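J.: Structure file coords_0.cif, mmCIF, C-alpha atoms and all ligand atoms, is pasted below:
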```cif
data_model
loop_
_atom_site.group_PDB
_atom_site.id
_atom_site.type_symbol
_atom_site.label_atom_id
_atom_site.label_comp_id
_atom_site.auth_asym_id
_atom_site.auth_seq_id
_atom_site.Cartn_x
_atom_site.Cartn_y
_atom_site.Cartn_z
ATOM 1 C CA MET A 22 -54.751 17.457 5.333
ATOM 2 C CA ASN A 23 -53.390 17.791 1.805
ATOM 3 C CA ASN A 24 -52.287 14.702 -0.112
ATOM 4 C CA ASN A 25 -48.574 15.105 0.695
ATOM 5 C CA ASN A 26 -49.230 15.331 4.414
ATOM 6 C CA LEU A 27 -51.657 12.415 4.196
ATOM 7 C CA LYS A 28 -48.972 10.334 2.489
ATOM 8 C CA LYS A 29 -46.399 11.218 5.177
ATOM 9 C CA GLU A 30 -48.870 10.306 7.922
ATOM 10 C CA ILE A 31 -49.759 7.037 6.198
ATOM 11 C CA LEU A 32 -46.089 6.056 5.986
ATOM 12 C CA ARG A 33 -45.560 6.984 9.660
ATOM 13 C CA LEU A 34 -48.637 5.047 10.853
ATOM 14 C CA LYS A 35 -47.679 2.089 8.703
ATOM 15 C CA LYS A 36 -44.317 1.812 10.518
ATOM 16 C CA GLU A 37 -45.809 2.472 13.933
ATOM 17 C CA ASN A 38 -48.445 -0.270 13.460
ATOM 18 C CA ASN A 39 -46.139 -2.766 11.743
ATOM 19 C CA ALA A 40 -48.421 -2.843 8.704
ATOM 20 C CA CYS A 41 -47.880 -3.638 5.045
ATOM 21 C CA ILE A 42 -49.808 -1.931 2.230
ATOM 22 C CA MET A 43 -50.703 -3.990 -0.851
ATOM 23 C CA ALA A 44 -52.272 -2.226 -3.835
ATOM 24 C CA HIS A 45 -53.668 -3.362 -7.158
ATOM 25 C CA TYR A 46 -52.604 -1.574 -10.365
ATOM 26 C CA TYR A 47 -56.119 -0.107 -10.656
ATOM 27 C CA GLN A 48 -55.699 2.001 -7.531
ATOM 28 C CA GLU A 49 -55.326 5.756 -7.802
ATOM 29 C CA ASP A 50 -51.753 7.030 -8.316
ATOM 30 C CA ASP A 51 -51.287 8.369 -4.768
ATOM 31 C CA ILE A 52 -52.200 5.008 -3.274
ATOM 32 C CA GLN A 53 -49.799 3.170 -5.563
ATOM 33 C CA ASP A 54 -47.099 5.622 -4.411
ATOM 34 C CA VAL A 55 -47.416 4.674 -0.715
ATOM 35 C CA ALA A 56 -47.830 0.920 -1.277
ATOM 36 C CA ASP A 57 -45.182 -1.636 -0.281
ATOM 37 C CA PHE A 58 -46.346 -3.996 -3.005
ATOM 38 C CA ILE A 59 -48.237 -3.292 -6.209
ATOM 39 C CA GLY A 60 -49.406 -6.268 -8.188
ATOM 40 C CA ASP A 61 -51.980 -8.090 -10.239
ATOM 41 C CA SER A 62 -54.453 -10.431 -8.516
ATOM 42 C CA LEU A 63 -52.052 -13.386 -8.599
ATOM 43 C CA ALA A 64 -49.056 -11.420 -7.299
ATOM 44 C CA LEU A 65 -51.110 -9.952 -4.452
ATOM 45 C CA ALA A 66 -52.373 -13.411 -3.459
ATOM 46 C CA LYS A 67 -48.808 -14.756 -3.455
ATOM 47 C CA ILE A 68 -47.470 -11.786 -1.481
ATOM 48 C CA ALA A 69 -50.182 -12.284 1.149
ATOM 49 C CA THR A 70 -48.582 -15.614 2.053
ATOM 50 C CA THR A 71 -45.159 -14.062 2.708
ATOM 51 C CA VAL A 72 -45.964 -10.842 4.596
ATOM 52 C CA LYS A 73 -43.984 -10.491 7.844
ATOM 53 C CA GLU A 74 -45.909 -7.531 9.306
ATOM 54 C CA ASP A 75 -48.857 -7.999 11.699
ATOM 55 C CA ILE A 76 -51.357 -6.071 9.576
ATOM 56 C CA ILE A 77 -52.082 -6.345 5.856
ATOM 57 C CA ILE A 78 -53.918 -3.403 4.292
ATOM 58 C CA VAL A 79 -55.459 -4.360 0.989
ATOM 59 C CA CYS A 80 -56.052 -1.409 -1.341
ATOM 60 C CA GLY A 81 -58.236 -3.057 -3.913
ATOM 61 C CA VAL A 82 -61.650 -4.668 -3.949
ATOM 62 C CA ASN A 83 -63.348 -6.959 -1.482
ATOM 63 C CA PHE A 84 -62.415 -10.301 -3.053
ATOM 64 C CA MET A 85 -58.738 -9.304 -2.830
ATOM 65 C CA GLY A 86 -59.081 -8.600 0.893
ATOM 66 C CA GLU A 87 -60.869 -11.927 1.333
ATOM 67 C CA THR A 88 -58.167 -13.788 -0.588
ATOM 68 C CA ALA A 89 -55.458 -12.232 1.599
ATOM 69 C CA LYS A 90 -57.360 -13.228 4.762
ATOM 70 C CA ILE A 91 -58.020 -16.769 3.494
ATOM 71 C CA LEU A 92 -54.292 -17.194 2.851
ATOM 72 C CA SER A 93 -53.071 -15.384 5.981
ATOM 73 C CA PRO A 94 -55.601 -16.099 8.751
ATOM 74 C CA ASP A 95 -53.187 -15.073 11.503
ATOM 75 C CA LYS A 96 -52.788 -11.567 10.128
ATOM 76 C CA LYS A 97 -55.186 -8.728 10.656
ATOM 77 C CA VAL A 98 -56.439 -7.850 7.165
ATOM 78 C CA ILE A 99 -58.014 -4.422 6.836
ATOM 79 C CA MET A 100 -59.325 -2.453 3.871
ATOM 80 C CA PRO A 101 -59.843 1.294 3.411
ATOM 81 C CA ASP A 102 -63.357 0.568 2.092
ATOM 82 C CA ILE A 103 -64.739 -2.870 2.799
ATOM 83 C CA ASN A 104 -67.751 -2.169 0.553
ATOM 84 C CA ALA A 105 -65.585 -1.965 -2.576
ATOM 85 C CA GLY A 106 -67.190 -4.812 -4.533
ATOM 86 C CA CYS A 107 -66.741 -6.015 -8.107
ATOM 87 C CA SER A 108 -69.381 -6.231 -10.851
ATOM 88 C CA LEU A 109 -67.798 -9.447 -12.083
ATOM 89 C CA ALA A 110 -67.845 -11.123 -8.654
ATOM 90 C CA ASP A 111 -71.457 -9.914 -8.259
ATOM 91 C CA SER A 112 -72.435 -11.618 -11.511
ATOM 92 C CA CYS A 113 -72.079 -15.022 -9.834
ATOM 93 C CA SER A 114 -73.781 -15.704 -6.504
ATOM 94 C CA ALA A 115 -72.945 -18.840 -4.537
ATOM 95 C CA GLU A 116 -76.631 -19.834 -4.544
ATOM 96 C CA ASP A 117 -76.904 -19.671 -8.372
ATOM 97 C CA LEU A 118 -73.577 -21.444 -8.860
ATOM 98 C CA GLU A 119 -74.612 -24.240 -6.514
ATOM 99 C CA VAL A 120 -77.741 -24.923 -8.596
ATOM 100 C CA PHE A 121 -75.692 -24.779 -11.822
ATOM 101 C CA ILE A 122 -73.159 -27.277 -10.441
ATOM 102 C CA LYS A 123 -75.981 -29.641 -9.364
ATOM 103 C CA ASN A 124 -77.394 -29.469 -12.885
ATOM 104 C CA HIS A 125 -73.995 -30.373 -14.377
ATOM 105 C CA PRO A 126 -72.668 -33.377 -12.465
ATOM 106 C CA GLY A 127 -69.160 -34.578 -13.282
ATOM 107 C CA TYR A 128 -67.803 -31.124 -14.156
ATOM 108 C CA LYS A 129 -64.689 -29.608 -12.600
ATOM 109 C CA VAL A 130 -65.385 -26.067 -11.398
ATOM 110 C CA ILE A 131 -62.813 -23.407 -12.243
ATOM 111 C CA SER A 132 -63.473 -19.947 -10.829
ATOM 112 C CA TYR A 133 -61.738 -16.709 -11.532
ATOM 113 C CA VAL A 134 -60.242 -15.122 -8.411
ATOM 114 C CA ASN A 135 -62.795 -12.289 -8.869
ATOM 115 C CA THR A 136 -65.376 -14.179 -6.798
ATOM 116 C CA SER A 137 -66.649 -14.205 -3.225
ATOM 117 C CA ALA A 138 -65.265 -16.616 -0.617
ATOM 118 C CA LYS A 139 -68.588 -18.493 -0.813
ATOM 119 C CA VAL A 140 -68.165 -19.051 -4.562
ATOM 120 C CA LYS A 141 -64.546 -20.119 -4.037
ATOM 121 C CA ALA A 142 -65.790 -22.650 -1.477
ATOM 122 C CA LEU A 143 -67.818 -24.333 -4.285
ATOM 123 C CA THR A 144 -64.820 -24.326 -6.625
ATOM 124 C CA ASP A 145 -62.177 -26.950 -7.457
ATOM 125 C CA ILE A 146 -59.465 -24.603 -8.725
ATOM 126 C CA VAL A 147 -59.221 -20.819 -8.632
ATOM 127 C CA VAL A 148 -57.440 -19.058 -11.501
ATOM 128 C CA THR A 149 -56.395 -15.507 -12.341
ATOM 129 C CA SER A 150 -55.857 -14.033 -15.783
ATOM 130 C CA SER A 151 -52.111 -14.683 -15.247
ATOM 131 C CA ASN A 152 -52.383 -18.434 -14.848
ATOM 132 C CA ALA A 153 -55.751 -19.504 -16.336
ATOM 133 C CA LYS A 154 -54.220 -20.945 -19.530
ATOM 134 C CA LYS A 155 -51.507 -22.848 -17.662
ATOM 135 C CA ILE A 156 -54.001 -24.327 -15.206
ATOM 136 C CA VAL A 157 -56.569 -25.315 -17.835
ATOM 137 C CA ASP A 158 -53.768 -26.848 -19.934
ATOM 138 C CA SER A 159 -52.701 -28.930 -16.928
ATOM 139 C CA LEU A 160 -56.059 -30.757 -16.848
ATOM 140 C CA PRO A 161 -56.747 -33.845 -18.984
ATOM 141 C CA LYS A 162 -58.203 -32.991 -22.402
ATOM 142 C CA GLU A 163 -61.381 -34.975 -21.688
ATOM 143 C CA GLU A 164 -62.067 -33.167 -18.389
ATOM 144 C CA LYS A 165 -65.479 -31.471 -18.385
ATOM 145 C CA ILE A 166 -65.085 -27.945 -16.997
ATOM 146 C CA ILE A 167 -67.382 -25.183 -15.771
ATOM 147 C CA PHE A 168 -65.558 -21.827 -16.005
ATOM 148 C CA GLY A 169 -66.858 -18.706 -14.356
ATOM 149 C CA PRO A 170 -67.785 -16.016 -13.894
ATOM 150 C CA ASP A 171 -66.105 -14.050 -16.716
ATOM 151 C CA LYS A 172 -67.431 -15.207 -20.091
ATOM 152 C CA ASN A 173 -64.886 -13.102 -22.005
ATOM 153 C CA LEU A 174 -61.891 -14.572 -20.175
ATOM 154 C CA GLY A 175 -63.478 -18.040 -20.428
ATOM 155 C CA GLY A 176 -64.062 -17.628 -24.177
ATOM 156 C CA TYR A 177 -60.471 -16.464 -24.652
ATOM 157 C CA ILE A 178 -59.102 -19.444 -22.673
ATOM 158 C CA ASN A 179 -61.345 -21.811 -24.682
ATOM 159 C CA LYS A 180 -59.864 -20.350 -27.857
ATOM 160 C CA ILE A 181 -56.188 -20.558 -26.878
ATOM 161 C CA THR A 182 -56.437 -23.998 -25.255
ATOM 162 C CA GLY A 183 -58.816 -25.598 -27.764
ATOM 163 C CA ARG A 184 -61.279 -26.470 -24.968
ATOM 164 C CA ASP A 185 -65.021 -26.258 -24.831
ATOM 165 C CA MET A 186 -65.526 -25.219 -21.220
ATOM 166 C CA LEU A 187 -69.030 -24.391 -20.101
ATOM 167 C CA LEU A 188 -69.018 -20.638 -19.473
ATOM 168 C CA TRP A 189 -70.830 -18.670 -16.807
ATOM 169 C CA ASP A 190 -72.528 -15.607 -18.296
ATOM 170 C CA GLY A 191 -70.797 -12.917 -16.232
ATOM 171 C CA GLY A 192 -68.660 -9.910 -17.023
ATOM 172 C CA CYS A 193 -66.824 -6.844 -15.787
ATOM 173 C CA HIS A 194 -68.553 -3.538 -16.554
ATOM 174 C CA VAL A 195 -65.196 -1.728 -16.867
ATOM 175 C CA HIS A 196 -63.700 -3.995 -19.520
ATOM 176 C CA GLN A 197 -66.996 -4.336 -21.374
ATOM 177 C CA ARG A 198 -67.345 -0.613 -21.994
ATOM 178 C CA PHE A 199 -64.283 -0.178 -24.244
ATOM 179 C CA SER A 200 -65.217 0.797 -27.773
ATOM 180 C CA TYR A 201 -64.022 -1.542 -30.520
ATOM 181 C CA SER A 202 -64.638 1.014 -33.310
ATOM 182 C CA LYS A 203 -62.859 3.845 -31.473
ATOM 183 C CA ILE A 204 -59.863 1.619 -30.749
ATOM 184 C CA VAL A 205 -59.684 0.747 -34.462
ATOM 185 C CA GLU A 206 -59.809 4.503 -35.277
ATOM 186 C CA LEU A 207 -57.068 5.233 -32.741
ATOM 187 C CA LYS A 208 -54.881 2.548 -34.277
ATOM 188 C CA LYS A 209 -55.273 4.282 -37.672
ATOM 189 C CA GLN A 210 -54.046 7.506 -36.038
ATOM 190 C CA TYR A 211 -51.083 5.690 -34.454
ATOM 191 C CA PRO A 212 -50.253 2.834 -36.846
ATOM 192 C CA ASN A 213 -47.046 1.984 -34.950
ATOM 193 C CA ALA A 214 -48.857 1.593 -31.667
ATOM 194 C CA GLU A 215 -49.306 -1.861 -30.198
ATOM 195 C CA ILE A 216 -52.677 -2.717 -28.666
ATOM 196 C CA LEU A 217 -52.370 -4.367 -25.242
ATOM 197 C CA VAL A 218 -55.600 -5.852 -23.934
ATOM 198 C CA HIS A 219 -56.859 -7.462 -20.739
ATOM 199 C CA PRO A 220 -58.731 -10.703 -21.580
ATOM 200 C CA GLU A 221 -61.792 -9.530 -19.622
ATOM 201 C CA CYS A 222 -62.512 -7.383 -22.731
ATOM 202 C CA PRO A 223 -64.990 -8.536 -25.410
ATOM 203 C CA SER A 224 -63.560 -10.997 -27.942
ATOM 204 C CA GLU A 225 -63.588 -8.596 -30.925
ATOM 205 C CA ILE A 226 -61.160 -6.370 -28.984
ATOM 206 C CA VAL A 227 -58.965 -9.264 -27.815
ATOM 207 C CA ASP A 228 -58.848 -10.421 -31.460
ATOM 208 C CA ILE A 229 -57.144 -7.182 -32.617
ATOM 209 C CA ALA A 230 -54.651 -7.167 -29.737
ATOM 210 C CA ASP A 231 -50.902 -7.409 -30.250
ATOM 211 C CA PHE A 232 -50.836 -8.858 -26.756
ATOM 212 C CA ALA A 233 -53.513 -10.055 -24.309
ATOM 213 C CA GLY A 234 -52.741 -10.710 -20.661
ATOM 214 C CA SER A 235 -53.177 -9.802 -17.030
ATOM 215 C CA THR A 236 -52.211 -6.365 -15.724
ATOM 216 C CA LEU A 237 -48.745 -7.609 -14.720
ATOM 217 C CA ALA A 238 -48.285 -9.394 -18.048
ATOM 218 C CA ILE A 239 -49.215 -6.150 -19.872
ATOM 219 C CA LEU A 240 -46.590 -4.273 -17.833
ATOM 220 C CA ASN A 241 -43.931 -6.848 -18.600
ATOM 221 C CA TYR A 242 -44.826 -7.013 -22.288
ATOM 222 C CA ALA A 243 -44.615 -3.208 -22.680
ATOM 223 C CA GLY A 244 -41.049 -3.336 -21.339
ATOM 224 C CA GLU A 245 -39.949 -6.189 -23.592
ATOM 225 C CA SER A 246 -41.588 -4.904 -26.784
ATOM 226 C CA LYS A 247 -39.604 -2.884 -29.320
ATOM 227 C CA ALA A 248 -42.614 -0.606 -29.835
ATOM 228 C CA ASN A 249 -42.587 2.852 -28.283
ATOM 229 C CA ILE A 250 -46.280 3.600 -28.274
ATOM 230 C CA PHE A 251 -49.107 1.509 -26.870
ATOM 231 C CA ILE A 252 -52.894 1.614 -26.661
ATOM 232 C CA ILE A 253 -53.766 0.197 -23.238
ATOM 233 C CA VAL A 254 -57.116 -1.564 -23.028
ATOM 234 C CA THR A 255 -57.682 -2.105 -19.327
ATOM 235 C CA GLU A 256 -58.490 0.031 -16.268
ATOM 236 C CA CYS A 257 -56.407 3.185 -16.708
ATOM 237 C CA GLY A 258 -54.793 3.032 -13.228
ATOM 238 C CA ILE A 259 -52.160 0.810 -14.807
ATOM 239 C CA LEU A 260 -50.829 3.758 -16.823
ATOM 240 C CA HIS A 261 -49.185 5.152 -13.668
ATOM 241 C CA GLN A 262 -46.802 2.175 -13.311
ATOM 242 C CA LEU A 263 -46.312 1.928 -17.088
ATOM 243 C CA GLN A 264 -45.121 5.570 -17.193
ATOM 244 C CA ILE A 265 -42.921 5.126 -14.100
ATOM 245 C CA LYS A 266 -41.300 1.952 -15.449
ATOM 246 C CA TYR A 267 -40.917 3.063 -19.056
ATOM 247 C CA PRO A 268 -40.690 6.874 -19.091
ATOM 248 C CA ASP A 269 -39.467 6.971 -22.706
ATOM 249 C CA LYS A 270 -42.494 5.070 -24.034
ATOM 250 C CA ARG A 271 -45.947 6.508 -24.651
ATOM 251 C CA PHE A 272 -49.123 4.924 -23.316
ATOM 252 C CA ILE A 273 -52.593 5.912 -24.478
ATOM 253 C CA ALA A 274 -55.677 4.924 -22.473
ATOM 254 C CA ALA A 275 -58.099 3.155 -24.833
ATOM 255 C CA PRO A 276 -61.406 4.958 -25.526
ATOM 256 C CA VAL A 277 -64.797 3.840 -24.260
ATOM 257 C CA GLU A 278 -68.236 4.348 -25.821
ATOM 258 C CA GLU A 279 -69.021 7.493 -23.778
ATOM 259 C CA ASP A 280 -66.958 10.400 -25.177
ATOM 260 C CA LYS A 281 -66.674 12.190 -21.867
ATOM 261 C CA ILE A 282 -64.816 9.329 -20.156
ATOM 262 C CA LYS A 283 -61.116 9.799 -20.937
ATOM 263 C CA CYS A 284 -59.821 7.312 -18.396
ATOM 264 C CA ASN A 285 -61.803 4.111 -17.860
ATOM 265 C CA LYS A 286 -61.795 3.747 -14.073
ATOM 266 C CA CYS A 287 -63.307 0.974 -11.980
ATOM 267 C CA ASP A 288 -65.657 2.744 -9.553
ATOM 268 C CA TYR A 289 -65.171 -0.059 -7.049
ATOM 269 C CA MET A 290 -61.372 0.096 -7.110
ATOM 270 C CA ARG A 291 -61.550 3.868 -6.770
ATOM 271 C CA MET A 292 -63.675 3.646 -3.600
ATOM 272 C CA CYS A 293 -60.339 3.333 -1.828
ATOM 273 C CA THR A 294 -58.928 6.844 -1.277
ATOM 274 C CA LEU A 295 -55.917 8.284 0.554
ATOM 275 C CA GLU A 296 -58.210 9.680 3.269
ATOM 276 C CA LYS A 297 -59.840 6.276 3.792
ATOM 277 C CA LEU A 298 -56.426 4.583 3.816
ATOM 278 C CA TYR A 299 -55.273 7.031 6.500
ATOM 279 C CA ASP A 300 -58.415 6.421 8.625
ATOM 280 C CA CYS A 301 -58.084 2.671 8.160
ATOM 281 C CA LEU A 302 -54.485 2.719 9.411
ATOM 282 C CA LYS A 303 -55.322 5.039 12.298
ATOM 283 C CA ASN A 304 -58.337 2.998 13.496
ATOM 284 C CA LYS A 305 -57.143 -0.436 12.267
ATOM 285 C CA THR A 306 -60.570 -1.094 10.833
ATOM 286 C CA PRO A 307 -62.654 -2.155 8.864
ATOM 287 C CA GLU A 308 -61.362 -5.672 9.174
ATOM 288 C CA ILE A 309 -62.025 -8.647 6.903
ATOM 289 C CA VAL A 310 -63.505 -11.470 8.967
ATOM 290 C CA ILE A 311 -64.232 -14.881 7.461
ATOM 291 C CA GLU A 312 -65.850 -17.724 9.332
ATOM 292 C CA GLU A 313 -63.227 -20.491 9.776
ATOM 293 C CA LYS A 314 -65.295 -23.278 8.143
ATOM 294 C CA LEU A 315 -65.813 -21.132 5.052
ATOM 295 C CA ARG A 316 -62.152 -20.048 5.021
ATOM 296 C CA ILE A 317 -60.936 -23.655 4.995
ATOM 297 C CA LYS A 318 -63.286 -24.505 2.096
ATOM 298 C CA ALA A 319 -62.238 -21.425 0.103
ATOM 299 C CA LEU A 320 -58.552 -22.053 0.808
ATOM 300 C CA LYS A 321 -58.526 -25.443 -0.962
ATOM 301 C CA PRO A 322 -59.051 -24.150 -4.539
ATOM 302 C CA ILE A 323 -56.705 -21.189 -3.944
ATOM 303 C CA ARG A 324 -53.998 -23.603 -2.742
ATOM 304 C CA ALA A 325 -54.637 -25.744 -5.813
ATOM 305 C CA MET A 326 -54.049 -22.641 -7.951
ATOM 306 C CA LEU A 327 -50.831 -21.691 -6.169
ATOM 307 C CA GLU A 328 -49.502 -25.228 -6.558
ATOM 308 C CA LEU A 329 -50.261 -25.242 -10.286
ATOM 309 C CA SER A 330 -48.984 -21.728 -11.105
HETATM 310 P P1 LIG B 401 -55.516 -8.965 -12.892
HETATM 311 O O1 LIG B 401 -54.927 -8.102 -11.823
HETATM 312 O O2 LIG B 401 -55.360 -10.395 -12.532
HETATM 313 O O3 LIG B 401 -55.021 -8.644 -14.226
HETATM 314 O O4 LIG B 401 -57.105 -8.730 -12.865
HETATM 315 C C1 LIG B 401 -57.688 -7.577 -13.241
HETATM 316 C C2 LIG B 401 -58.917 -7.266 -12.502
HETATM 317 O O5 LIG B 401 -59.926 -7.004 -13.042
HETATM 318 C C3 LIG B 401 -58.841 -7.213 -11.066
HETATM 319 O O6 LIG B 401 -60.035 -6.768 -10.626
HETATM 320 FE FE1 LIG B 402 -64.174 -6.092 -10.807
HETATM 321 FE FE2 LIG B 402 -63.909 -5.130 -13.256
HETATM 322 FE FE3 LIG B 402 -63.396 -3.574 -11.204
HETATM 323 FE FE4 LIG B 402 -61.743 -5.611 -11.790
HETATM 324 S S1 LIG B 402 -62.131 -3.824 -13.022
HETATM 325 S S2 LIG B 402 -62.515 -5.052 -9.774
HETATM 326 S S3 LIG B 402 -63.204 -7.124 -12.561
HETATM 327 S S4 LIG B 402 -65.378 -4.464 -11.709
#
```
Rewrite the structure of this file - the entire thing - as structure tokens.

T.:
Amino acid sequence: MNNNNLKKEILRLKKENNACIMAHYYQEDDIQDVADFIGDSLALAKIATTVKEDIIIVCGVNFMGETAKILSPDKKVIMPDINAGCSLADSCSAEDLEVFIKNHPGYKVISYVNTSAKVKALTDIVVTSSNAKKIVDSLPKEEKIIFGPDKNLGGYINKITGRDMLLWDGGCHVHQRFSYSKIVELKKQYPNAEILVHPECPSEIVDIADFAGSTLAILNYAGESKANIFIIVTECGILHQLQIKYPDKRFIAAPVEEDKIKCNKCDYMRMCTLEKLYDCLKNKTPEIVIEEKLRIKALKPIRAMLELS
């Protein structure tokens, strides 16, 4: 089947099965085009609590499917590729975090949403890049905090909140491979361009940004800004929605170290394809299953986040 026919079939099966498709901005363009909701991690988590349909299909990575299931246990949550992981989530195992927490008694544990359900179960409050500052700011100044697993996001939040949180040494391979020197060169070529950066990027890149924020915040900022040209320093899937929303503005995908990569894609996010989405809808599998005891433990810090954001 060609892509157009696949899309038609997906939309038909979606109706027939009373299913709702949620997609992250880092999904391929065709998947974004058939999605009912496109959002950043926080928006997708919030939407999961309001879905009316019987089936939620999460086009994203595993922790997003888990978060949807944790928040909507009565729904069937399926994913086109259940093995779509995340290098950042992988950089913090529950076993290692448990030891770290034991070695640092009295600390509040804040975990980025890019973590497994088991890590969330060891956490006090989950955050996303959309609400991390607000949530950290809401805690007493003297509170001792462990923040993980993204050291770049943690360092950025330390800087803008004046905190000294203890940072887990983890990172996202996609955001770490942008090239600072090539971005500086590009800016010289386009002096009127604004640099919009995801805070998972290294600090020297965040430091030269005109704006740093989550994928949704980047989208909103691009619309509000008076600038007409932007260098976008995050996974390049976001350019699809930027171009759709603001067709008169120009968006340039930021360069990475390797010259041959023109569009910095997350290999995990891109494991989800139209064909797999079609199969997933047709067979209603693979399904996200979380043991109830673990789900309840992981739900607590996600609820805390939703209450605070
Ligand atoms: P946001 O969608 O919260 O900006 O996170 C980006 C990300 O890396 C998701 O994997
Ligand atoms: Fe994980 Fe990075 Fe991919 Fe986001 S972009 S899913 S943080 S590996």

J.: Take the PyMOL selection byres (((chain A and resi 231-243) around 7) and not hetatm), apply it to the structure above, and return the hits as a PyMOL selection string.

T.: chain A and resi 60-61+150-151+215-220+227+229-230+244-246+263

J.: Where's the centre, and what are the edge lengths in Å to one decimal, of a box along x, y and z enclosing all listed atoms of range 283-293 of chain A padded 6 Å per side, as JSON?

T.:
```
{"center_x": -62.7, "center_y": 4.9, "center_z": -11.4, "size_x": 17.8, "size_y": 21.9, "size_z": 31.1}
```

J.: Output the residue selection produced by the PyMOL selection byres (((chain A and resi 305) around 10) and not hetatm) on the file above, formatted as a list in words.

T.: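 On this input, the PyMOL selection byres (((chain A and resi 305) around 10) and not hetatm) captures Asn38, Ala40, Ile76, Ile78, Lys97, Val98, Ile99, Met100, Pro101, Leu298, Tyr299, Asp300, Cys301, Leu302, Lys303, Asn304, Thr306, Pro307 and Glu308 of chain A.
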
J.: Kindly provide, as a list in words, all nucleotide and amino acid residues lying within 8 Å of ligand LIG 402 (chain B), counting all atoms listed in the file.

T.: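 Using all atoms listed in the file, I find these residues within 8 Å of ligand LIG 402 (chain B): Tyr47, Gly81, Val82, Gly106, Cys107, Ser108, Leu109, Ala110, Asn135, Gly192, Cys193, His194, Val195, His196, Glu221, Thr255, Glu256, Lys286, Cys287, Asp288, Tyr289 and Met290 of chain A.
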
J.: Quick one: everything within 7 Å of Ala56 in chain A, counting only C-alpha atoms, minus sequence neighbours fewer than 5 positions away in the same chain. Send it as a PDB file with C-alpha atoms, in the frame of the given file.

T.:
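What ended up in selection_0.pdb:
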```pdb
ATOM      1  CA  ILE A  42     -49.808  -1.931   2.230  1.00  0.00           C
ATOM      2  CA  MET A  43     -50.703  -3.990  -0.851  1.00  0.00           C
ATOM      3  CA  ALA A  44     -52.272  -2.226  -3.835  1.00  0.00           C
TER       4      ALA A  44
END
```

J.: At a cut-off of 10 Å, using all atoms listed in the file, what residues contact Phe58 in chain A? Leave out same-chain residues fewer than 6 positions from it and give the result as a list of chain:residue names.

T.: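 After dropping sequence-adjacent residues, the list is A:Cys41, A:Ile42, A:Met43, A:Ala44, A:His45, A:Tyr46, A:Ala64, A:Leu65, A:Ile68, A:Val79.
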
J.: Can those selected residues be exported to a file as a CSV table (one decimal), in the coordinates of the input so that it contains C-alpha atoms?

T.:
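That gives us out.csv:
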```csv
chain,number,residue,atom,x,y,z
A,41,CYS,CA,-47.9,-3.6,5.0
A,42,ILE,CA,-49.8,-1.9,2.2
A,43,MET,CA,-50.7,-4.0,-0.9
A,44,ALA,CA,-52.3,-2.2,-3.8
A,45,HIS,CA,-53.7,-3.4,-7.2
A,46,TYR,CA,-52.6,-1.6,-10.4
A,64,ALA,CA,-49.1,-11.4,-7.3
A,65,LEU,CA,-51.1,-10.0,-4.5
A,68,ILE,CA,-47.5,-11.8,-1.5
A,79,VAL,CA,-55.5,-4.4,1.0
```

J.: Could you name the residues that touch Asp185 in chain A at 10 Å or less, counting only C-alpha atoms, but leaving out those on the same chain fewer than 2 positions away, as number ranges by chain?

T.: A: 162-168, 175-176, 178-180, 182-183, 187-188

J.: Next, the residues of the selection above should be written as a PDB file, keeping the file's coordinate frame with C-alpha atoms.

T.:
```pdb
ATOM      1  CA  LYS A 162     -58.203 -32.991 -22.402  1.00  0.00           C
ATOM      2  CA  GLU A 163     -61.381 -34.975 -21.688  1.00  0.00           C
ATOM      3  CA  GLU A 164     -62.067 -33.167 -18.389  1.00  0.00           C
ATOM      4  CA  LYS A 165     -65.479 -31.471 -18.385  1.00  0.00           C
ATOM      5  CA  ILE A 166     -65.085 -27.945 -16.997  1.00  0.00           C
ATOM      6  CA  ILE A 167     -67.382 -25.183 -15.771  1.00  0.00           C
ATOM      7  CA  PHE A 168     -65.558 -21.827 -16.005  1.00  0.00           C
ATOM      8  CA  GLY A 175     -63.478 -18.040 -20.428  1.00  0.00           C
ATOM      9  CA  GLY A 176     -64.062 -17.628 -24.177  1.00  0.00           C
ATOM     10  CA  ILE A 178     -59.102 -19.444 -22.673  1.00  0.00           C
ATOM     11  CA  ASN A 179     -61.345 -21.811 -24.682  1.00  0.00           C
ATOM     12  CA  LYS A 180     -59.864 -20.350 -27.857  1.00  0.00           C
ATOM     13  CA  THR A 182     -56.437 -23.998 -25.255  1.00  0.00           C
ATOM     14  CA  GLY A 183     -58.816 -25.598 -27.764  1.00  0.00           C
ATOM     15  CA  LEU A 187     -69.030 -24.391 -20.101  1.00  0.00           C
ATOM     16  CA  LEU A 188     -69.018 -20.638 -19.473  1.00  0.00           C
TER      17      LEU A 188
END
```

J.: Starting from the PyMOL selection byres (((chain A and resi 146) around 10) and not hetatm), expand the selection into actual residues of this file and give them as a ChimeraX atom specification.

T.: /A:129-134,141-145,147-148,153,156-157,168,319-327,329

J.: Rank nothing, just name the residue among A:Glu74, A:Asp190, A:Asp171, A:Glu225 nearest to ligand LIG 401 (chain B), using all atoms listed in the file.

T.: A:Asp171

J.: Under the rule that only C-alpha atoms and all ligand atoms are counted, which of A:Cys113, A:Ile52, A:Ile252, A:Ile259 is the nearest residue to ligand LIG 401 (chain B)?

T.: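 Residue with the minimum atom-to-atom distance to ligand LIG 401 (chain B): A:Ile259.
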
J.: Find the residue from A:Asn104, A:Ser224, A:Asn83, A:Gln264 that sits nearest to ligand LIG 401 (chain B); use all atoms listed in the file when measuring.

T.: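 Of all the options, A:Asn83 lies closest to ligand LIG 401 (chain B).
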
J.: Using only C-alpha atoms, determine which residues lie at most 8 Å from Thr70 in chain A, disregarding the query and same-chain residues fewer than 4 positions distant; provide the list as a list in words.

T.: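 Using only C-alpha atoms, the neighbours found are Ala66, Ala89, Leu92 and Ser93 of chain A.
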